[in-house]
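Trainee: Sending over entry_13.txt (compact mmCIF, C-alpha atoms).
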```txt
# COMPACT_ATOMS: atom_id res chain seq x y z
CA MET A 1 0.00 0.00 0.00
CA GLU A 2 1.41 3.36 -1.00
CA ASN A 3 2.19 5.73 1.86
CA VAL A 4 0.33 9.03 1.83
CA LEU A 5 1.67 12.04 3.66
CA VAL A 6 -0.71 13.20 6.40
CA ARG A 7 -0.68 16.71 7.81
CA PRO A 8 -0.47 16.78 11.61
CA PRO A 9 -3.56 18.15 13.40
CA GLY A 10 -3.54 21.93 13.76
CA ILE A 11 -3.81 21.69 17.54
CA LEU A 12 -0.30 20.24 17.73
CA LYS A 13 1.23 23.14 15.82
CA LEU A 14 -0.75 25.63 17.88
CA VAL A 15 0.40 24.31 21.27
CA ALA A 16 3.93 23.30 20.25
CA HIS A 17 5.31 26.85 20.24
CA GLU A 18 7.35 27.40 23.40
CA VAL A 19 5.65 30.65 24.39
CA ARG A 20 2.14 29.32 23.74
CA TRP A 21 2.92 26.12 25.65
CA ASN A 22 4.03 28.18 28.65
CA LEU A 23 0.91 30.32 28.39
CA LEU A 24 -1.23 27.19 28.43
CA HIS A 25 0.77 25.85 31.36
CA LEU A 26 -0.07 28.99 33.36
CA LEU A 27 -3.72 29.22 32.33
CA ALA A 28 -4.28 25.54 33.07
CA ARG A 29 -4.14 26.41 36.76
CA SER A 30 -5.55 29.91 37.00
CA ASP A 31 -7.01 32.84 35.06
CA TYR A 32 -4.60 35.70 34.49
CA ARG A 33 -4.40 39.21 33.08
CA VAL A 34 -1.73 40.07 30.50
CA HIS A 35 0.44 41.92 33.01
CA ASP A 36 0.25 38.92 35.37
CA VAL A 37 1.54 36.66 32.59
CA VAL A 38 4.28 39.14 31.65
CA GLU A 39 5.46 39.21 35.26
CA LYS A 40 5.41 35.42 35.66
CA LEU A 41 7.04 34.50 32.34
CA LYS A 42 9.39 37.51 32.14
CA LEU A 43 8.43 38.11 28.51
CA PRO A 44 7.67 41.35 26.60
CA GLN A 45 4.00 42.34 26.72
CA ASN A 46 3.66 42.53 22.93
CA LEU A 47 4.95 38.95 22.61
CA VAL A 48 2.52 37.67 25.24
CA SER A 49 -0.39 39.50 23.58
CA TYR A 50 0.57 38.14 20.15
CA HIS A 51 0.52 34.51 21.29
CA LEU A 52 -2.61 34.97 23.39
CA LYS A 53 -4.28 36.20 20.21
CA HIS A 54 -3.33 32.96 18.42
CA LEU A 55 -4.70 30.88 21.29
CA ARG A 56 -7.95 32.87 21.21
CA LEU A 57 -8.26 32.39 17.44
CA GLY A 58 -7.72 28.68 18.05
CA GLN A 59 -10.58 28.84 20.58
CA LEU A 60 -8.42 27.40 23.35
CA VAL A 61 -8.40 30.61 25.36
CA THR A 62 -11.29 32.93 26.17
CA GLU A 63 -11.29 36.42 27.61
CA ARG A 64 -13.58 38.21 30.06
CA ARG A 65 -13.43 41.81 31.21
CA SER A 66 -12.78 42.09 34.93
CA SER A 67 -15.79 42.95 37.06
CA ALA A 68 -13.43 44.81 39.43
CA ASP A 69 -11.67 46.93 36.79
CA GLU A 70 -13.16 47.08 33.29
CA ARG A 71 -9.77 48.13 31.89
CA SER A 72 -8.43 44.67 32.74
CA VAL A 73 -9.17 41.43 30.90
CA PHE A 74 -8.81 37.96 32.37
CA TYR A 75 -7.77 35.11 30.09
CA SER A 76 -9.04 31.58 30.74
CA LEU A 77 -8.10 28.23 29.23
CA ASP A 78 -10.96 26.13 27.89
CA LEU A 79 -9.73 22.86 29.35
CA GLU A 80 -12.53 20.75 27.91
CA ARG A 81 -11.93 22.00 24.35
CA LEU A 82 -8.17 21.51 24.69
CA GLN A 83 -8.69 18.00 26.03
CA MET A 84 -11.06 17.14 23.19
CA HIS A 85 -8.71 18.35 20.43
CA TYR A 86 -5.58 16.97 22.09
CA LEU A 87 -7.07 13.49 22.44
CA ALA A 88 -8.47 13.61 18.92
CA ALA A 89 -4.97 14.41 17.66
CA GLY A 90 -3.57 11.38 19.48
CA GLU A 91 -6.23 9.15 18.01
CA THR A 92 -5.20 10.09 14.48
CA LEU A 93 -1.95 8.21 15.17
CA HIS A 94 -3.52 5.13 16.71
CA PRO A 95 -6.80 4.48 18.59
CA ALA A 96 -4.82 2.91 21.44
CA MET A 97 -3.28 6.31 22.19
CA THR A 98 -6.49 7.39 23.91
CA ALA A 99 -8.01 4.06 24.90
CA THR A 100 -7.32 4.54 28.58
CA VAL A 101 -7.57 8.30 28.90
CA THR A 102 -10.81 9.14 27.15
CA THR A 103 -12.82 7.82 30.09
CA PRO A 104 -14.36 10.60 32.22
CA LEU A 105 -12.02 12.34 34.61
CA SER A 106 -12.14 10.83 38.07
CA GLN A 107 -14.43 12.91 40.22
CA SER A 108 -13.27 11.42 43.47
CA VAL A 109 -10.13 11.36 45.51
CA ASN A 110 -8.89 8.29 47.37
CA GLY A 111 -9.76 7.97 51.02
CA ASN A 112 -6.19 8.56 52.13
CA GLN A 113 -6.42 12.10 50.73
CA ALA A 114 -9.06 13.29 53.23
CA SER A 115 -6.72 15.98 54.59
CA LEU A 116 -6.74 17.93 51.33
CA ARG A 117 -8.33 21.32 52.03
CA VAL A 118 -9.54 24.01 49.62
CA LEU A 119 -10.90 27.48 50.40
CA PHE A 120 -13.03 29.39 47.86
CA LEU A 121 -13.15 33.18 48.21
CA CYS A 122 -15.36 35.90 46.77
CA THR A 123 -16.64 39.24 48.02
CA GLU A 124 -20.01 38.47 49.63
CA ASN A 125 -19.69 34.68 49.93
CA SER A 126 -23.33 34.38 48.94
CA ALA A 127 -23.28 32.71 45.52
CA ARG A 128 -20.19 31.69 43.51
CA SER A 129 -17.96 30.61 46.39
CA GLN A 130 -20.83 28.86 48.18
CA ILE A 131 -21.73 26.92 45.03
CA ALA A 132 -18.06 26.02 44.51
CA GLU A 133 -17.75 24.78 48.10
CA ALA A 134 -20.82 22.58 47.72
CA LEU A 135 -19.75 21.21 44.34
CA LEU A 136 -16.23 20.32 45.47
CA ARG A 137 -17.56 18.51 48.52
CA HIS A 138 -20.09 16.69 46.34
CA LEU A 139 -17.77 15.76 43.45
CA SER A 140 -15.02 14.56 45.79
CA HIS A 141 -17.58 12.50 47.73
CA GLY A 142 -16.54 14.36 50.86
CA THR A 143 -12.90 13.33 50.67
CA VAL A 144 -11.74 16.90 50.09
CA GLU A 145 -12.52 19.43 52.81
CA ALA A 146 -14.14 22.41 51.10
CA PHE A 147 -14.75 25.83 52.63
CA SER A 148 -15.78 29.28 51.41
CA ALA A 149 -15.61 32.83 52.74
CA GLY A 150 -15.78 36.46 51.65
CA SER A 151 -14.17 39.85 52.23
CA ILE A 152 -17.55 41.50 52.91
CA PRO A 153 -19.88 38.59 53.69
CA ALA A 154 -23.59 38.99 53.05
CA GLU A 155 -26.21 38.21 55.67
CA GLN A 156 -27.35 35.06 53.87
CA ILE A 157 -26.75 32.85 50.85
CA HIS A 158 -28.53 34.06 47.73
CA PRO A 159 -31.86 32.19 47.43
CA LEU A 160 -31.21 31.34 43.77
CA ALA A 161 -27.89 29.76 44.74
CA ARG A 162 -29.75 27.50 47.17
CA ARG A 163 -32.38 26.69 44.57
CA CYS A 164 -29.78 25.99 41.89
CA MET A 165 -27.97 23.51 44.12
CA GLU A 166 -31.24 21.89 45.20
CA GLU A 167 -32.03 21.20 41.54
CA HIS A 168 -28.73 19.30 41.39
CA GLY A 169 -29.66 17.33 44.50
CA ILE A 170 -27.20 19.23 46.71
CA ASP A 171 -28.39 20.69 50.02
CA ILE A 172 -26.56 23.85 51.12
CA SER A 173 -29.02 24.83 53.83
CA GLN A 174 -26.31 24.37 56.47
CA GLN A 175 -23.86 26.70 54.71
CA TYR A 176 -23.72 30.41 55.53
CA PRO A 177 -21.60 33.47 54.58
CA LYS A 178 -18.37 33.88 56.57
CA HIS A 179 -15.50 36.37 56.69
CA PHE A 180 -12.16 35.00 55.49
CA GLU A 181 -10.50 36.18 58.72
CA MET A 182 -11.90 33.13 60.50
CA PHE A 183 -9.70 30.94 58.27
CA ARG A 184 -6.60 33.16 58.40
CA GLU A 185 -4.44 30.81 60.50
CA GLN A 186 -5.64 27.57 58.90
CA HIS A 187 -3.74 25.44 56.38
CA PHE A 188 -5.10 24.89 52.86
CA ASP A 189 -3.75 23.09 49.82
CA ALA A 190 -5.30 25.65 47.47
CA ILE A 191 -6.98 29.04 47.72
CA VAL A 192 -9.36 29.66 44.82
CA THR A 193 -10.72 33.15 44.22
CA VAL A 194 -13.88 33.18 42.11
CA CYS A 195 -14.41 36.94 42.21
CA ASP A 196 -12.22 39.59 40.56
CA ARG A 197 -12.76 42.06 43.40
CA VAL A 198 -11.45 39.82 46.15
CA ILE A 199 -8.01 39.27 44.58
CA GLU A 200 -6.47 42.43 46.01
CA SER A 201 -7.76 41.82 49.53
CA CYS A 202 -6.99 38.10 49.64
CA PRO A 203 -4.94 37.45 52.81
CA THR A 204 -1.92 35.20 53.19
CA PHE A 205 -2.29 31.72 54.65
CA PRO A 206 0.15 29.38 56.41
CA GLY A 207 2.25 27.14 54.19
CA ASP A 208 1.92 29.35 51.09
CA PRO A 209 -0.91 27.37 49.46
CA GLU A 210 -1.36 27.45 45.69
CA ARG A 211 -3.30 30.54 44.57
CA ILE A 212 -5.79 30.00 41.77
CA HIS A 213 -8.13 32.57 40.21
CA TRP A 214 -11.29 31.78 38.27
CA SER A 215 -12.81 34.92 36.75
CA PHE A 216 -16.57 34.50 37.04
CA LEU A 217 -19.34 37.03 36.56
CA ASP A 218 -21.47 37.30 39.71
CA PRO A 219 -24.78 35.62 38.75
CA ALA A 220 -26.49 37.74 41.41
CA SER A 221 -25.68 40.85 39.34
CA VAL A 222 -27.67 39.60 36.33
CA GLN A 223 -30.88 41.56 35.72
CA GLY A 224 -34.04 40.28 34.07
CA THR A 225 -36.83 37.84 34.72
CA GLU A 226 -36.52 35.20 37.40
CA ALA A 227 -35.96 32.61 34.66
CA GLU A 228 -33.10 34.66 33.20
CA ARG A 229 -31.54 35.17 36.61
CA MET A 230 -31.88 31.48 37.41
CA HIS A 231 -30.23 30.65 34.09
CA ALA A 232 -27.21 32.74 35.15
CA PHE A 233 -26.87 30.70 38.34
CA GLU A 234 -27.20 27.45 36.41
CA GLN A 235 -24.49 28.49 33.94
CA THR A 236 -22.20 29.48 36.79
CA SER A 237 -22.70 26.13 38.50
CA LEU A 238 -21.97 24.23 35.27
CA GLN A 239 -18.79 26.21 34.63
CA LEU A 240 -17.69 25.72 38.23
CA CYS A 241 -18.37 22.00 37.91
CA THR A 242 -16.02 21.77 34.92
CA ARG A 243 -13.27 23.72 36.70
CA ILE A 244 -13.62 21.64 39.85
CA ARG A 245 -13.36 18.34 37.99
CA PHE A 246 -9.98 19.43 36.67
CA LEU A 247 -8.99 20.84 40.06
CA LEU A 248 -9.61 17.43 41.61
CA THR A 249 -7.13 15.92 39.19
CA LEU A 250 -4.51 18.50 40.24
CA LEU A 251 -5.19 17.84 43.91
CA ALA A 252 -4.87 14.09 43.45
CA ARG A 253 -1.58 14.60 41.60
CA LYS A 254 -0.31 16.88 44.37
CA ARG A 255 -1.09 14.32 47.08
CA SER A 256 0.44 11.50 45.05
CA THR A 257 3.66 13.51 44.64
CA ARG A 258 3.83 14.18 48.38
CA GLU A 259 3.49 10.52 49.24
CA GLN A 260 6.24 9.34 46.90
```
Take the structure I supplied and represent it as structure tokens, if you would.

Mentor:
Amino acid sequence: MENVLVRPPGILKLVAHEVRWNLLHLLARSDYRVHDVVEKLKLPQNLVSYHLKHLRLGQLVTERRSSADERSVFYSLDLERLQMHYLAAGETLHPAMTATVTTPLSQSVNGNQASLRVLFLCTENSARSQIAEALLRHLSHGTVEAFSAGSIPAEQIHPLARRCMEEHGIDISQQYPKHFEMFREQHFDAIVTVCDRVIESCPTFPGDPERIHWSFLDPASVQGTEAERMHAFEQTSLQLCTRIRFLLTLLARKRSTREQ
């Protein structure tokens, strides 16, 4: 049979560039603004912007204007899209390349990882961070200790946040808004900010835990009918669910590395 030259999948060329690979490596763990990336990678701003543009055109990276400062833009990696294209590229070589990794990501952590602790922070601790806390506890089957707090906690959890979780079979009636000062001296494996405004006021924690930022619009700020507002909460919960599934993989890898 005559050999026919096959062009490699575009995704491989897109991610193979050293700068773009390092951008993806950063965004795989947290959302960042351009100046954050420039500071971390020690690269010229125009070079960072150029390669971010290519990643956006390739639909691997999305952008969202900061709710704290509209002059700033947060860049996020679409992990699900990257996973889909990356695995599809491997399968073009041989189906066996993805036979064991195309199964759904594990949504649980082994019992010996019960001491893993994650704190979600936002401003009012009434919606996004409360939903994230509940989802992490649920998806890890309780083997990861999840907490949430805010810089200016509200008096109560937003009723649509409660309703949204109830529709997913998750009861958050025992959760309540808290100030992050009550966790100040506690150890965490990761601190995840889900609100652009809380980044600047985020305190330090013992052990220098990993800092992760997820730039989410506050669903409570959405105006419209009750159905439209509820839709905003549902979309937030779905996006948080995706992020948390990948976070669980990172947490499991971190614990495995410690135990080696």

Trainee: Listing only residues of region 2-112 of chain A within 7 Å of region 182-201 of chain A, what is the closest atom pair and its distance in Å (to one decimal) for each, using all atoms listed in the file, sorted by chain and residue number ascending, as a tab-separated table?

Mentor:
```
residue	atom	partner	partner_atom	distance
A:Ser66	CA	A:Asp196	CA	6.2
A:Ser67	CA	A:Asp196	CA	6.0
A:Ala68	CA	A:Arg197	CA	4.9
```

Trainee: Within 8 Å of region 224-236 of chain A, counting all atoms listed in the file, which residues qualify if same-chain residues fewer than 5 places away don't, as a ChimeraX atom specification?

Mentor: /A:128,160-161,164,216,219

Trainee: One number please: CA of Ser72 (chain A) to CA of Gln45 (chain A), in Å, one decimal.

Mentor: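 Interatomic distance, CA of Ser72 (chain A) to CA of Gln45 (chain A): 14.0 Å.
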
Trainee: Which residue out of A:Gly150, A:Pro203, A:Pro209, A:Pro44 has the minimum interatomic distance to Phe120 (chain A) when all atoms listed in the file are used?

Mentor: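 Closest to Phe120 (chain A), using all atoms listed in the file: A:Gly150.
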
Trainee: Just the number, please: distance in Å from CA of Leu77 (chain A) to CA of Ala132 (chain A), one decimal.

Mentor: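 Going from CA of Leu77 (chain A) over to CA of Ala132 (chain A), I get 18.4 Å.
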
Trainee: Which residues come within 8 Å of Pro153 (chain A), counting only C-alpha atoms, excluding same-chain residues fewer than 6 positions away, as a VMD selection string?

Mentor: chain A and resid 123 to 126 177 to 179

Trainee: I need the residues from that last selection saved to file as a compact mmCIF listing (two decimals), in the coordinates of the input (with C-alpha atoms), if you can.

Mentor:
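Here's the written file selection_22.txt:
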```txt
# COMPACT_ATOMS: atom_id res chain seq x y z
CA THR A 123 -16.64 39.24 48.02
CA GLU A 124 -20.01 38.47 49.63
CA ASN A 125 -19.69 34.68 49.93
CA SER A 126 -23.33 34.38 48.94
CA PRO A 177 -21.60 33.47 54.58
CA LYS A 178 -18.37 33.88 56.57
CA HIS A 179 -15.50 36.37 56.69
```

Trainee: To one decimal in Å, tell me the separation between CA of Leu139 (chain A) and CA of Leu82 (chain A).

Mentor: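 Going from CA of Leu139 (chain A) over to CA of Leu82 (chain A) covers 21.8 Å.
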
Trainee: Between A:Ala89, A:Leu251, A:Val34, A:Ala149, single out the one closest to Ser129 (chain A), counting only C-alpha atoms.

Mentor: A:Ala149

Trainee: Pick the closest to Val38 (chain A) from A:Thr249, A:Asn22, A:Thr242, A:Thr204: which is it, counting only C-alpha atoms?

Mentor: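 Residue with the minimum atom-to-atom distance to Val38 (chain A): A:Asn22.
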
Trainee: From the list A:Leu23, A:Ala28, A:Leu217, A:Ile152, which residue is nearest Leu52 (chain A) when using all atoms listed in the file?

Mentor: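 Residue with the minimum atom-to-atom distance to Leu52 (chain A): A:Leu23.
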
Trainee: Looking at only C-alpha atoms, which of A:Arg245, A:Arg56, A:His168, A:Arg117 is the one that sits closest to Gly142 (chain A)?

Mentor: A:Arg117

Trainee: Can you list, as a PDB file with C-alpha atoms, in the frame of the given file, every protein, DNA or RNA residue that comes within 10 Å of region 9-13 of chain A when you count all atoms listed in the file, leaving out same-chain residues fewer than 5 positions away?

Mentor:
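The resulting file, result_13.pdb, is reproduced below:
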```
ATOM      1  CA  LEU A  55      -4.700  30.880  21.290  1.00  0.00           C
ATOM      2  CA  GLY A  58      -7.720  28.680  18.050  1.00  0.00           C
ATOM      3  CA  LEU A  60      -8.420  27.400  23.350  1.00  0.00           C
ATOM      4  CA  LEU A  82      -8.170  21.510  24.690  1.00  0.00           C
ATOM      5  CA  HIS A  85      -8.710  18.350  20.430  1.00  0.00           C
ATOM      6  CA  TYR A  86      -5.580  16.970  22.090  1.00  0.00           C
ATOM      7  CA  ALA A  88      -8.470  13.610  18.920  1.00  0.00           C
ATOM      8  CA  ALA A  89      -4.970  14.410  17.660  1.00  0.00           C
ATOM      9  CA  GLY A  90      -3.570  11.380  19.480  1.00  0.00           C
ATOM     10  CA  THR A  92      -5.200  10.090  14.480  1.00  0.00           C
TER      11      THR A  92
END
```

Trainee: From the list A:Tyr50, A:Leu135, A:Leu247, A:Gln156, which residue is nearest Val19 (chain A) when using all atoms listed in the file?

Mentor: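 Of the candidates, the smallest distance to Val19 (chain A) is held by A:Tyr50.
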
Trainee: Which residues are close to Phe147 (chain A), i.e. within 7 Å by all atoms listed in the file, leaving aside same-chain residues fewer than 3 positions away? Reply as a list in words.

Mentor: Val118, Leu119, Phe120 and Glu133 of chain A

Trainee: Write out as a short mmCIF file (atom, residue, chain, number, x, y, z; two decimals) with C-alpha atoms, keeping the file's coordinate frame the residues lying within 10 Å of Leu79 (chain A), counting only C-alpha atoms and excluding same-chain residues fewer than 4 positions away.

Mentor:
```
data_model
loop_
_atom_site.label_atom_id
_atom_site.label_comp_id
_atom_site.auth_asym_id
_atom_site.auth_seq_id
_atom_site.Cartn_x
_atom_site.Cartn_y
_atom_site.Cartn_z
CA LEU A 24 -1.23 27.19 28.43
CA LEU A 27 -3.72 29.22 32.33
CA ALA A 28 -4.28 25.54 33.07
CA ARG A 29 -4.14 26.41 36.76
CA LEU A 60 -8.42 27.40 23.35
CA VAL A 61 -8.40 30.61 25.36
CA GLN A 83 -8.69 18.00 26.03
CA MET A 84 -11.06 17.14 23.19
CA THR A 242 -16.02 21.77 34.92
CA ARG A 243 -13.27 23.72 36.70
CA PHE A 246 -9.98 19.43 36.67
#
```
